[in-house]
file model31.cif (mmCIF, C-alpha atoms and all ligand atoms)
data_query
loop_
_atom_site.label_atom_id
_atom_site.label_comp_id
_atom_site.auth_asym_id
_atom_site.auth_seq_id
_atom_site.Cartn_x
_atom_site.Cartn_y
_atom_site.Cartn_z
CA MET A 597 -42.59 2.75 -8.26
CA ILE A 598 -43.30 0.16 -5.65
CA ILE A 599 -41.29 -3.02 -5.88
CA LYS A 600 -43.07 -6.15 -4.78
CA LEU A 601 -40.30 -7.81 -2.84
CA HIS A 602 -41.60 -11.26 -2.27
CA LYS A 603 -41.70 -13.15 -5.54
CA GLU A 604 -44.08 -15.93 -6.33
CA ILE A 605 -42.63 -19.39 -6.18
CA SER A 606 -44.23 -22.20 -8.16
CA SER A 607 -46.45 -23.98 -5.72
CA SER A 608 -46.77 -27.59 -6.70
CA GLU A 609 -48.67 -29.39 -4.02
CA ILE A 610 -46.50 -32.52 -4.03
CA THR A 611 -45.44 -32.96 -0.46
CA SER A 612 -43.91 -35.42 1.89
CA PRO A 613 -44.08 -35.30 5.65
CA GLU A 614 -40.96 -37.46 5.77
CA VAL A 615 -38.56 -34.91 4.32
CA PHE A 616 -37.24 -34.12 7.75
CA LYS A 617 -35.82 -36.85 9.93
CA THR A 618 -36.87 -35.99 13.40
CA ARG A 619 -36.31 -36.98 16.96
CA ARG A 620 -38.42 -35.87 19.85
CA THR A 621 -36.61 -33.89 22.48
CA LEU A 622 -37.64 -32.27 25.69
CA ILE A 623 -36.69 -28.67 26.08
CA LYS A 624 -36.63 -27.47 29.62
CA THR A 625 -37.84 -23.93 29.71
CA GLY A 626 -37.55 -23.23 33.39
CA LEU A 627 -38.96 -19.73 33.21
CA ALA A 628 -39.20 -17.57 36.25
CA ALA A 629 -42.68 -16.67 37.39
CA LEU A 630 -44.35 -14.17 35.11
CA THR A 631 -44.61 -10.59 36.21
CA VAL A 632 -47.33 -9.64 33.79
CA GLY A 633 -49.77 -9.63 36.63
CA SER A 634 -52.81 -8.28 34.84
CA GLY A 635 -54.51 -11.66 34.62
CA LEU A 636 -55.04 -11.08 30.90
CA PHE A 637 -52.48 -13.66 29.94
CA SER A 638 -52.93 -16.24 32.64
CA ASN A 639 -53.08 -19.12 30.14
CA ILE A 640 -49.48 -18.36 29.17
CA ALA A 641 -48.25 -18.85 32.69
CA ASN A 642 -49.31 -22.46 32.40
CA SER A 643 -47.71 -23.17 29.06
CA SER A 644 -44.39 -21.61 30.01
CA ALA A 645 -44.14 -23.57 33.21
CA GLU A 646 -44.17 -26.94 31.53
CA ASN A 647 -41.52 -28.63 29.46
CA LEU A 648 -42.09 -28.10 25.78
CA ASN A 649 -42.00 -31.26 23.78
CA ILE A 650 -40.82 -30.05 20.39
CA GLU A 651 -39.52 -31.90 17.37
CA GLN A 652 -35.85 -31.49 16.57
CA PRO A 653 -35.50 -31.74 12.81
CA GLN A 654 -32.13 -32.09 11.11
CA SER A 655 -30.43 -28.72 10.69
CA THR A 656 -30.00 -27.26 7.24
CA ASP A 657 -26.45 -27.33 5.88
CA ARG A 658 -24.92 -24.09 7.12
CA LYS A 659 -23.27 -23.35 3.77
CA LEU A 660 -26.71 -22.99 2.21
CA ILE A 661 -27.68 -20.32 4.71
CA ASN A 662 -24.59 -18.10 4.75
CA ASN A 663 -25.30 -16.52 1.39
CA TYR A 664 -29.07 -16.76 1.44
CA THR A 665 -30.52 -14.05 3.63
CA ASN A 666 -33.27 -11.47 3.60
CA TYR A 667 -31.90 -8.16 4.92
CA TYR A 668 -33.64 -5.52 2.88
CA GLU A 669 -31.84 -2.56 4.43
CA PHE A 670 -28.77 -3.79 2.55
CA SER A 671 -30.19 -5.38 -0.57
CA TYR A 672 -33.13 -7.11 -2.21
CA ASN A 673 -30.81 -9.88 -3.36
CA LYS A 674 -30.35 -12.73 -0.95
CA GLU A 675 -26.64 -13.09 -1.74
CA ASP A 676 -25.65 -9.47 -1.04
CA ALA A 677 -26.04 -9.03 2.71
CA SER A 678 -23.29 -11.56 3.43
CA THR A 679 -20.81 -8.96 2.16
CA LEU A 680 -22.64 -5.63 2.63
CA ALA A 681 -23.65 -6.29 6.25
CA GLN A 682 -20.03 -6.75 7.28
CA LYS A 683 -19.80 -2.96 7.50
CA LEU A 684 -22.16 -2.94 10.46
CA ARG A 685 -20.33 -2.23 13.74
CA ILE A 686 -21.83 -4.41 16.45
CA ASP A 687 -19.49 -3.80 19.37
CA PRO A 688 -20.37 -1.97 21.55
CA TRP A 689 -24.14 -2.43 21.17
CA GLN A 690 -26.86 -0.76 23.18
CA ILE A 691 -30.54 -1.55 23.42
CA GLU A 692 -33.03 1.09 24.41
CA VAL A 693 -35.93 -0.16 26.52
CA ALA A 694 -38.92 2.17 26.59
CA GLY A 695 -42.65 2.49 27.15
CA ALA A 696 -44.88 0.74 29.67
CA VAL A 697 -42.11 -0.91 31.67
CA GLU A 698 -40.70 -0.55 35.19
CA LYS A 699 -37.05 -0.59 34.11
CA PRO A 700 -36.67 1.57 31.01
CA GLY A 701 -33.20 2.69 29.96
CA ASN A 702 -30.24 2.03 27.73
CA TYR A 703 -28.77 -1.40 28.28
CA HIS A 704 -25.40 -2.67 27.14
CA LEU A 705 -25.89 -5.91 25.26
CA GLU A 706 -23.09 -7.52 27.24
CA ASP A 707 -24.97 -6.85 30.48
CA ILE A 708 -28.10 -8.45 29.06
CA LEU A 709 -26.12 -11.47 27.89
CA ARG A 710 -24.43 -11.89 31.25
CA ARG A 711 -27.82 -12.31 32.88
CA ASN A 712 -29.15 -14.61 30.16
CA PRO A 713 -26.90 -17.57 29.41
CA SER A 714 -27.46 -18.96 25.94
CA GLN A 715 -29.13 -22.23 25.15
CA GLU A 716 -29.53 -24.07 21.86
CA ARG A 717 -32.88 -24.19 20.08
CA ILE A 718 -33.26 -26.07 16.83
CA TYR A 719 -36.24 -24.52 15.08
CA ARG A 720 -37.93 -24.75 11.74
CA PHE A 721 -37.87 -21.39 9.98
CA ARG A 722 -40.45 -20.60 7.33
CA CYS A 723 -40.25 -17.51 5.14
CA VAL A 724 -43.47 -16.04 3.77
CA GLU A 725 -41.93 -16.59 0.31
CA ALA A 726 -42.57 -20.34 0.79
CA TRP A 727 -39.09 -21.62 1.46
CA SER A 728 -37.95 -23.13 4.72
CA MET A 729 -34.90 -24.22 6.64
CA VAL A 730 -33.97 -25.61 10.04
CA VAL A 731 -31.61 -23.55 12.16
CA PRO A 732 -29.78 -24.43 15.37
CA TRP A 733 -29.92 -21.09 17.17
CA GLN A 734 -28.15 -20.01 20.31
CA GLY A 735 -30.14 -17.59 22.38
CA PHE A 736 -32.33 -17.12 25.39
CA PRO A 737 -36.07 -16.82 25.97
CA LEU A 738 -37.33 -13.29 25.39
CA ALA A 739 -39.59 -13.92 28.40
CA ASP A 740 -36.55 -13.97 30.69
CA LEU A 741 -35.56 -10.48 29.60
CA ILE A 742 -39.15 -9.23 29.77
CA ASN A 743 -39.53 -10.59 33.29
CA PHE A 744 -36.43 -8.67 34.29
CA LEU A 745 -37.66 -5.45 32.66
CA GLN A 746 -41.09 -5.76 34.27
CA PRO A 747 -43.75 -4.48 31.91
CA THR A 748 -46.50 -2.56 33.65
CA SER A 749 -50.10 -3.76 33.58
CA ARG A 750 -50.73 -1.42 30.62
CA ALA A 751 -48.25 -3.20 28.37
CA ARG A 752 -49.99 -5.38 25.77
CA PHE A 753 -47.57 -5.26 22.83
CA VAL A 754 -43.81 -5.37 22.40
CA GLU A 755 -42.28 -3.44 19.50
CA PHE A 756 -38.78 -4.04 18.14
CA THR A 757 -36.69 -1.71 15.98
CA THR A 758 -33.67 -2.51 13.82
CA ILE A 759 -30.66 -0.23 13.61
CA ALA A 760 -30.85 2.19 10.65
CA GLN A 761 -27.59 3.45 9.14
CA PRO A 762 -28.00 5.08 5.73
CA GLU A 763 -24.22 5.31 5.31
CA ILE A 764 -23.92 1.55 5.05
CA MET A 765 -27.48 0.45 4.20
CA PRO A 766 -28.09 1.29 0.52
CA ASN A 767 -31.84 0.78 0.54
CA LEU A 768 -32.38 3.38 3.23
CA ASN A 769 -31.49 5.97 0.59
CA ARG A 770 -33.82 4.62 -2.08
CA ASN A 771 -37.50 4.51 -2.65
CA SER A 772 -38.59 1.26 -1.21
CA MET A 773 -41.69 -0.71 -0.47
CA LEU A 774 -40.66 -0.78 3.18
CA THR A 775 -40.32 2.16 5.52
CA TRP A 776 -37.29 2.31 7.75
CA PRO A 777 -36.23 1.60 10.37
CA TYR A 778 -37.46 -1.97 10.06
CA ARG A 779 -40.01 -2.51 12.81
CA GLU A 780 -41.82 -5.57 14.06
CA ALA A 781 -43.99 -6.35 17.05
CA LEU A 782 -45.62 -9.13 19.02
CA ARG A 783 -48.51 -9.29 21.40
CA LEU A 784 -47.10 -9.48 24.91
CA ASP A 785 -48.31 -13.04 25.39
CA GLU A 786 -46.58 -14.08 22.15
CA ALA A 787 -43.41 -12.36 23.30
CA MET A 788 -43.65 -14.20 26.64
CA HIS A 789 -44.13 -17.61 25.05
CA PRO A 790 -41.23 -19.93 25.87
CA LEU A 791 -40.59 -20.71 22.18
CA THR A 792 -39.84 -17.03 21.46
CA ILE A 793 -36.13 -16.32 21.74
CA LEU A 794 -33.61 -13.59 21.23
CA ALA A 795 -30.81 -15.18 19.23
CA THR A 796 -27.13 -14.36 19.53
CA GLY A 797 -25.71 -17.29 17.62
CA MET A 798 -26.19 -20.01 15.03
CA TYR A 799 -24.50 -23.38 14.56
CA GLY A 800 -22.55 -22.90 17.78
CA GLU A 801 -20.97 -19.62 16.67
CA SER A 802 -21.79 -15.95 17.07
CA LEU A 803 -24.52 -14.77 14.80
CA ALA A 804 -23.23 -13.66 11.40
CA LYS A 805 -23.94 -10.03 10.59
CA GLN A 806 -26.12 -10.97 7.64
CA ASN A 807 -28.26 -13.07 9.99
CA GLY A 808 -28.95 -10.20 12.36
CA ALA A 809 -25.99 -9.87 14.71
CA PRO A 810 -25.61 -9.08 17.45
CA LEU A 811 -29.20 -9.77 18.57
CA ARG A 812 -32.30 -10.80 16.66
CA LEU A 813 -35.73 -12.13 17.40
CA VAL A 814 -36.75 -15.70 16.46
CA VAL A 815 -40.44 -16.64 16.54
CA PRO A 816 -40.55 -20.10 14.98
CA TRP A 817 -44.32 -20.38 14.42
CA LYS A 818 -44.52 -17.12 12.44
CA TYR A 819 -43.32 -16.17 8.97
CA GLY A 820 -39.67 -15.13 8.95
CA PHE A 821 -40.28 -11.41 8.53
CA LYS A 822 -41.42 -11.23 12.16
CA SER A 823 -37.94 -12.37 13.25
CA ILE A 824 -36.39 -8.93 13.18
CA LYS A 825 -32.61 -8.49 13.00
CA ALA A 826 -30.08 -6.22 14.73
CA ILE A 827 -32.43 -4.95 17.44
CA ILE A 828 -31.65 -1.57 19.02
CA LYS A 829 -34.95 -0.82 20.71
CA ILE A 830 -37.62 -2.72 22.64
CA ASN A 831 -40.76 -0.74 23.36
CA PHE A 832 -43.69 -1.84 25.53
CA LEU A 833 -47.01 -0.49 24.31
CA GLU A 834 -50.67 -0.44 25.18
CA ASN A 835 -51.88 -0.27 21.57
CA PRO A 836 -50.86 -2.33 18.53
CA PRO A 837 -47.87 -0.68 16.88
CA ILE A 838 -47.34 -0.19 13.17
CA THR A 839 -45.01 -2.79 11.70
CA SER A 840 -43.00 -2.41 8.51
CA TRP A 841 -44.48 -5.18 6.37
CA ASN A 842 -48.01 -4.66 7.55
CA LEU A 843 -47.73 -0.97 6.76
CA SER A 844 -46.34 -1.58 3.28
CA ALA A 845 -48.97 -4.12 2.21
CA PRO A 846 -51.63 -4.81 4.84
CA ASP A 847 -53.54 -7.25 2.63
CA GLU A 848 -50.41 -9.32 2.06
CA TYR A 849 -48.68 -9.27 5.44
CA GLY A 850 -50.85 -9.41 8.52
CA PHE A 851 -49.76 -8.39 11.97
CA TYR A 852 -49.90 -11.97 13.21
CA ALA A 853 -48.18 -13.70 10.27
CA ASN A 854 -48.70 -17.11 11.82
CA VAL A 855 -47.60 -19.83 9.41
CA ASN A 856 -50.85 -21.20 8.01
CA PRO A 857 -51.28 -23.41 4.92
CA GLU A 858 -54.97 -22.48 4.80
CA VAL A 859 -54.36 -18.77 4.28
CA PRO A 860 -52.75 -18.13 0.91
CA HIS A 861 -50.67 -15.06 0.29
CA PRO A 862 -52.69 -13.03 -2.27
CA ARG A 863 -50.03 -13.82 -4.88
CA TRP A 864 -49.16 -17.45 -4.04
CA SER A 865 -50.24 -20.52 -2.10
CA GLN A 866 -48.84 -21.26 1.35
CA ARG A 867 -49.73 -24.95 1.23
CA SER A 868 -46.21 -26.16 0.62
CA GLU A 869 -42.66 -24.96 0.88
CA ARG A 870 -39.33 -25.47 -0.83
CA VAL A 871 -36.87 -26.92 1.64
CA LEU A 872 -33.47 -25.21 1.38
CA GLY A 873 -31.02 -27.74 -0.02
CA SER A 874 -33.69 -29.71 -1.80
CA ASN A 875 -33.26 -30.57 -5.45
CA PHE A 876 -35.28 -31.74 -8.40
CA PHE A 877 -35.86 -35.13 -6.77
CA THR A 878 -36.88 -33.79 -3.39
CA PRO A 879 -40.57 -33.05 -3.04
CA ARG A 880 -41.82 -29.83 -1.55
CA ARG A 881 -42.79 -30.11 2.07
CA ALA A 882 -46.36 -29.68 3.27
CA THR A 883 -46.56 -26.49 5.29
CA GLN A 884 -47.83 -27.10 8.80
CA ILE A 885 -50.15 -24.89 10.79
CA PHE A 886 -48.05 -22.73 13.12
CA ASN A 887 -45.03 -24.18 11.32
CA GLY A 888 -45.41 -27.40 13.29
CA TYR A 889 -45.66 -25.75 16.72
CA ALA A 890 -49.43 -25.90 17.11
CA GLU A 891 -49.19 -28.07 20.21
CA GLN A 892 -47.24 -25.30 21.93
CA VAL A 893 -48.86 -22.13 20.59
CA ALA A 894 -52.38 -22.80 19.30
CA SER A 895 -53.86 -21.86 22.67
CA LEU A 896 -52.63 -18.29 22.15
CA TYR A 897 -55.16 -17.95 19.34
CA SER A 898 -58.04 -20.09 20.52
CA GLN A 899 -60.54 -17.22 20.35
CA MET A 900 -59.37 -15.91 17.00
CA ASP A 901 -60.45 -16.35 13.41
CA LEU A 902 -57.06 -17.11 11.85
CA LYS A 903 -58.25 -16.24 8.35
CA ARG A 904 -59.29 -12.79 9.44
CA TYR A 905 -56.32 -12.20 11.73
CA PHE A 906 -53.68 -13.60 9.40
N1 LIG B 1001 -34.05 -5.79 10.04
C1 LIG B 1001 -34.50 -6.78 9.25
N2 LIG B 1001 -34.91 -7.93 9.81
C2 LIG B 1001 -35.37 -8.93 9.02
C3 LIG B 1001 -35.45 -8.78 7.62
C4 LIG B 1001 -35.01 -7.55 7.06
O1 LIG B 1001 -35.03 -7.34 5.85
N3 LIG B 1001 -34.53 -6.59 7.91
N4 LIG B 1001 -35.96 -9.80 6.84
C5 LIG B 1001 -36.88 -10.73 7.49
C6 LIG B 1001 -37.21 -11.86 6.64
S1 LIG B 1001 -38.30 -11.59 5.37
C7 LIG B 1001 -36.75 -13.12 6.91
S2 LIG B 1001 -37.27 -14.47 6.02
C8 LIG B 1001 -35.71 -13.33 7.95
C9 LIG B 1001 -34.52 -13.98 7.31
O2 LIG B 1001 -33.55 -14.33 8.26
P1 LIG B 1001 -32.17 -14.89 7.74
O3 LIG B 1001 -31.71 -13.98 6.64
O4 LIG B 1001 -31.25 -14.90 8.92
O5 LIG B 1001 -32.45 -16.26 7.22
O6 LIG B 1001 -35.28 -12.13 8.58
C10 LIG B 1001 -36.31 -11.21 8.83
N5 LIG B 1001 -35.77 -10.11 9.60
MO MO B 1002 -39.04 -13.71 4.75
#
call {"tool": "encode", "arguments": {"input": "model31.cif", "output": "structure tokens", "more": "lines below"}}
Ligand SMILES: Nc1nc2c(c(=O)[nH]1)N[C@H]1C(S)=C(S)[C@@H](COP(=O)(O)O)O[C@H]1N2
Ligand SMILES: [Mo]
result
Amino acid sequence: MIIKLHKEISSSEITSPEVFKTRRTLIKTGLAALTVGSGLFSNIANSSAENLNIEQPQSTDRKLINNYTNYYEFSYNKEDASTLAQKLRIDPWQIEVAGAVEKPGNYHLEDILRRNPSQERIYRFRCVEAWSMVVPWQGFPLADLINFLQPTSRARFVEFTTIAQPEIMPNLNRNSMLTWPYREALRLDEAMHPLTILATGMYGESLAKQNGAPLRLVVPWKYGFKSIKAIIKINFLENPPITSWNLSAPDEYGFYANVNPEVPHPRWSQRSERVLGSNFFTPRRATQIFNGYAEQVASLYSQMDLKRYF
């Protein structure tokens, strides 16, 4: 039997744009020159060179997040990974780099982190299940690592794989809607975008295991399932790879998974979201196109029909 993991949430359309108190902040991205060289992604070079003017909403209370995670290798219940994931050994940690890249190999995470000092990024985070939070991440731009690894001109996609350990991950031994290891991917230009980070921490501390320690992806304008946890492999590919959610239910979870209030999930609306920590008196929040990052990322999709490529 196939379990439909993402449950419908009542989708009242009452919304308020004022739920988040915000201040505007400049984030200096300071990326090195791109090495992608093919000319295909020249528009990205421009956007990464400038300072990104992004809103800095108030972070969600950390206590609400600790026991509220999606980590399906361990459990389908949001409360379980905070205990079950503690069995994961994260030190030492290696990351395999493969595919269309000049510097493939097995990298020690500590060597990667030495070259990429962490910065704070406060991002909205929107799950496809129509709840949202705001997380102060520590991490570094994925583009910095990609520039170091030097994809070849054939590389057009970047695939990420999560560690798979059946001994400690109960759902790897069961029939599941998802196939393991958990895999996600981005187009190379999405991966190079200065908003895309590899996170190593949250709230000024090392990433908790249930949140994807020691290294996870964070792509703030896409639904949360793209932000893959506990990465052990980064693969540069010419053709679009198969990703876990898209494989399990292609009509429900597109490859792009850009947050979009106009494209409902087949089983629920995406027009509004429940803000973590909200209560009976707090209205749902209106979901924003690209999760509020349209100014920064819309140009990546200017030629695309977002309803078709959802
Ligand atoms: N390996 C792996 N990564 C994953 C998931 C998962 O089940 N396994 N869940 C995804 C989903 S659906 C969401 S919403 C986010 C949740 O991140 P959080 O638990 O740190 O809030 O992680 C994403 N990354
Ligand atoms: Mo999610």
call {"tool": "residues_near_ligand", "arguments": {"input": "model31.cif", "ligand": "ligand LIG 1001 (chain B)", "cutoff": "6 Å", "atoms": "all atoms listed in the file", "output": "PyMOL selection string"}}
result
chain A and resi 665-669+723+758+778+807+820-821+823-825
call {"tool": "residues_around", "arguments": {"input": "model31.cif", "residues": "Tyr819 (chain A)", "least_positions_apart": "4", "cutoff": "10 Å", "atoms": "all atoms listed in the file", "output": "ChimeraX atom specification"}}
result
/A:721-726,728,814-815,823,849,852-856,886-887
call {"tool": "axis_aligned_box", "arguments": {"input": "model31.cif", "around": "region 706-724 of chain A", "padding_each_side": "4 Å", "output": "lines of an AutoDock Vina configuration file"}}
result
center_x = -33.3
center_y = -16.5
center_z = 18.3
size_x = 28.4
size_y = 27.2
size_z = 37.1
call {"tool": "residues_around", "arguments": {"input": "model31.cif", "residues": "Ile793 (chain A)", "least_positions_apart": "2", "cutoff": "12 Å", "atoms": "only C-alpha atoms", "output": "PyMOL selection string"}}
result
chain A and resi 625+712+714-719+733-742+786-791+795-797+811-817+823-824
call {"tool": "write_last_selection", "arguments": {"input": "model31.cif", "atoms": "C-alpha atoms", "output": "compact mmCIF listing (two decimals), in the coordinates of the input"}}
result
# COMPACT_ATOMS: atom_id res chain seq x y z
CA THR A 625 -37.84 -23.93 29.71
CA ASN A 712 -29.15 -14.61 30.16
CA SER A 714 -27.46 -18.96 25.94
CA GLN A 715 -29.13 -22.23 25.15
CA GLU A 716 -29.53 -24.07 21.86
CA ARG A 717 -32.88 -24.19 20.08
CA ILE A 718 -33.26 -26.07 16.83
CA TYR A 719 -36.24 -24.52 15.08
CA TRP A 733 -29.92 -21.09 17.17
CA GLN A 734 -28.15 -20.01 20.31
CA GLY A 735 -30.14 -17.59 22.38
CA PHE A 736 -32.33 -17.12 25.39
CA PRO A 737 -36.07 -16.82 25.97
CA LEU A 738 -37.33 -13.29 25.39
CA ALA A 739 -39.59 -13.92 28.40
CA ASP A 740 -36.55 -13.97 30.69
CA LEU A 741 -35.56 -10.48 29.60
CA ILE A 742 -39.15 -9.23 29.77
CA GLU A 786 -46.58 -14.08 22.15
CA ALA A 787 -43.41 -12.36 23.30
CA MET A 788 -43.65 -14.20 26.64
CA HIS A 789 -44.13 -17.61 25.05
CA PRO A 790 -41.23 -19.93 25.87
CA LEU A 791 -40.59 -20.71 22.18
CA ALA A 795 -30.81 -15.18 19.23
CA THR A 796 -27.13 -14.36 19.53
CA GLY A 797 -25.71 -17.29 17.62
CA LEU A 811 -29.20 -9.77 18.57
CA ARG A 812 -32.30 -10.80 16.66
CA LEU A 813 -35.73 -12.13 17.40
CA VAL A 814 -36.75 -15.70 16.46
CA VAL A 815 -40.44 -16.64 16.54
CA PRO A 816 -40.55 -20.10 14.98
CA TRP A 817 -44.32 -20.38 14.42
CA SER A 823 -37.94 -12.37 13.25
CA ILE A 824 -36.39 -8.93 13.18
call {"tool": "residues_near_point", "arguments": {"input": "model31.cif", "point": "(-46.0, 1.3, 5.8)", "cutoff": "10 Å", "atoms": "all atoms listed in the file", "output": "PyMOL selection string"}}
result
chain A and resi 773-776+779+838-846
call {"tool": "residues_around", "arguments": {"input": "model31.cif", "residues": "Glu692 (chain A)", "least_positions_apart": "2", "cutoff": "6 Å", "atoms": "only C-alpha atoms", "output": "ChimeraX atom specification"}}
result
/A:701-702,829
call {"tool": "atom_distance", "arguments": {"input": "model31.cif", "atom1": "CA of Pro837 (chain A)", "atom2": "CA of Thr748 (chain A)"}}
result
16.9 Å
call {"tool": "closest_residue", "arguments": {"input": "model31.cif", "among": "A:Ala760, A:Ala781, A:Lys818, A:Ser655", "to": "ligand MO 1002 (chain B)", "atoms": "only C-alpha atoms and all ligand atoms"}}
result
A:Lys818
call {"tool": "build_atoms", "arguments": {"input": "model31.cif", "residues": "region 836-847 of chain A", "atoms": "N, CA and C atoms", "output": "mmCIF file, in the coordinates of the input"}}
result
data_model
loop_
_atom_site.group_PDB
_atom_site.id
_atom_site.type_symbol
_atom_site.label_atom_id
_atom_site.label_comp_id
_atom_site.auth_asym_id
_atom_site.auth_seq_id
_atom_site.Cartn_x
_atom_site.Cartn_y
_atom_site.Cartn_z
ATOM 1 N N PRO A 836 -51.652 -1.620 19.554
ATOM 2 C CA PRO A 836 -50.860 -2.330 18.530
ATOM 3 C C PRO A 836 -50.020 -1.348 17.711
ATOM 4 N N PRO A 837 -48.724 -1.580 17.643
ATOM 5 C CA PRO A 837 -47.870 -0.680 16.880
ATOM 6 C C PRO A 837 -47.934 -0.966 15.379
ATOM 7 N N ILE A 838 -47.461 -0.014 14.615
ATOM 8 C CA ILE A 838 -47.340 -0.190 13.170
ATOM 9 C C ILE A 838 -46.071 -0.983 12.891
ATOM 10 N N THR A 839 -46.184 -1.997 12.040
ATOM 11 C CA THR A 839 -45.010 -2.790 11.700
ATOM 12 C C THR A 839 -44.697 -2.617 10.216
ATOM 13 N N SER A 840 -43.446 -2.786 9.855
ATOM 14 C CA SER A 840 -43.000 -2.410 8.510
ATOM 15 C C SER A 840 -43.754 -3.124 7.395
ATOM 16 N N TRP A 841 -43.833 -4.435 7.461
ATOM 17 C CA TRP A 841 -44.480 -5.180 6.370
ATOM 18 C C TRP A 841 -45.980 -4.945 6.340
ATOM 19 N N ASN A 842 -46.579 -4.889 7.493
ATOM 20 C CA ASN A 842 -48.010 -4.660 7.550
ATOM 21 C C ASN A 842 -48.363 -3.290 7.005
ATOM 22 N N LEU A 843 -47.523 -2.317 7.278
ATOM 23 C CA LEU A 843 -47.730 -0.970 6.760
ATOM 24 C C LEU A 843 -47.587 -0.931 5.238
ATOM 25 N N SER A 844 -46.608 -1.657 4.715
ATOM 26 C CA SER A 844 -46.340 -1.580 3.280
ATOM 27 C C SER A 844 -47.420 -2.278 2.465
ATOM 28 N N ALA A 845 -47.955 -3.370 2.961
ATOM 29 C CA ALA A 845 -48.970 -4.120 2.210
ATOM 30 C C ALA A 845 -49.857 -4.887 3.178
ATOM 31 N N PRO A 846 -50.817 -4.191 3.781
ATOM 32 C CA PRO A 846 -51.630 -4.810 4.840
ATOM 33 C C PRO A 846 -52.428 -6.022 4.376
ATOM 34 N N ASP A 847 -52.782 -6.083 3.096
ATOM 35 C CA ASP A 847 -53.540 -7.250 2.630
ATOM 36 C C ASP A 847 -52.636 -8.441 2.331
#
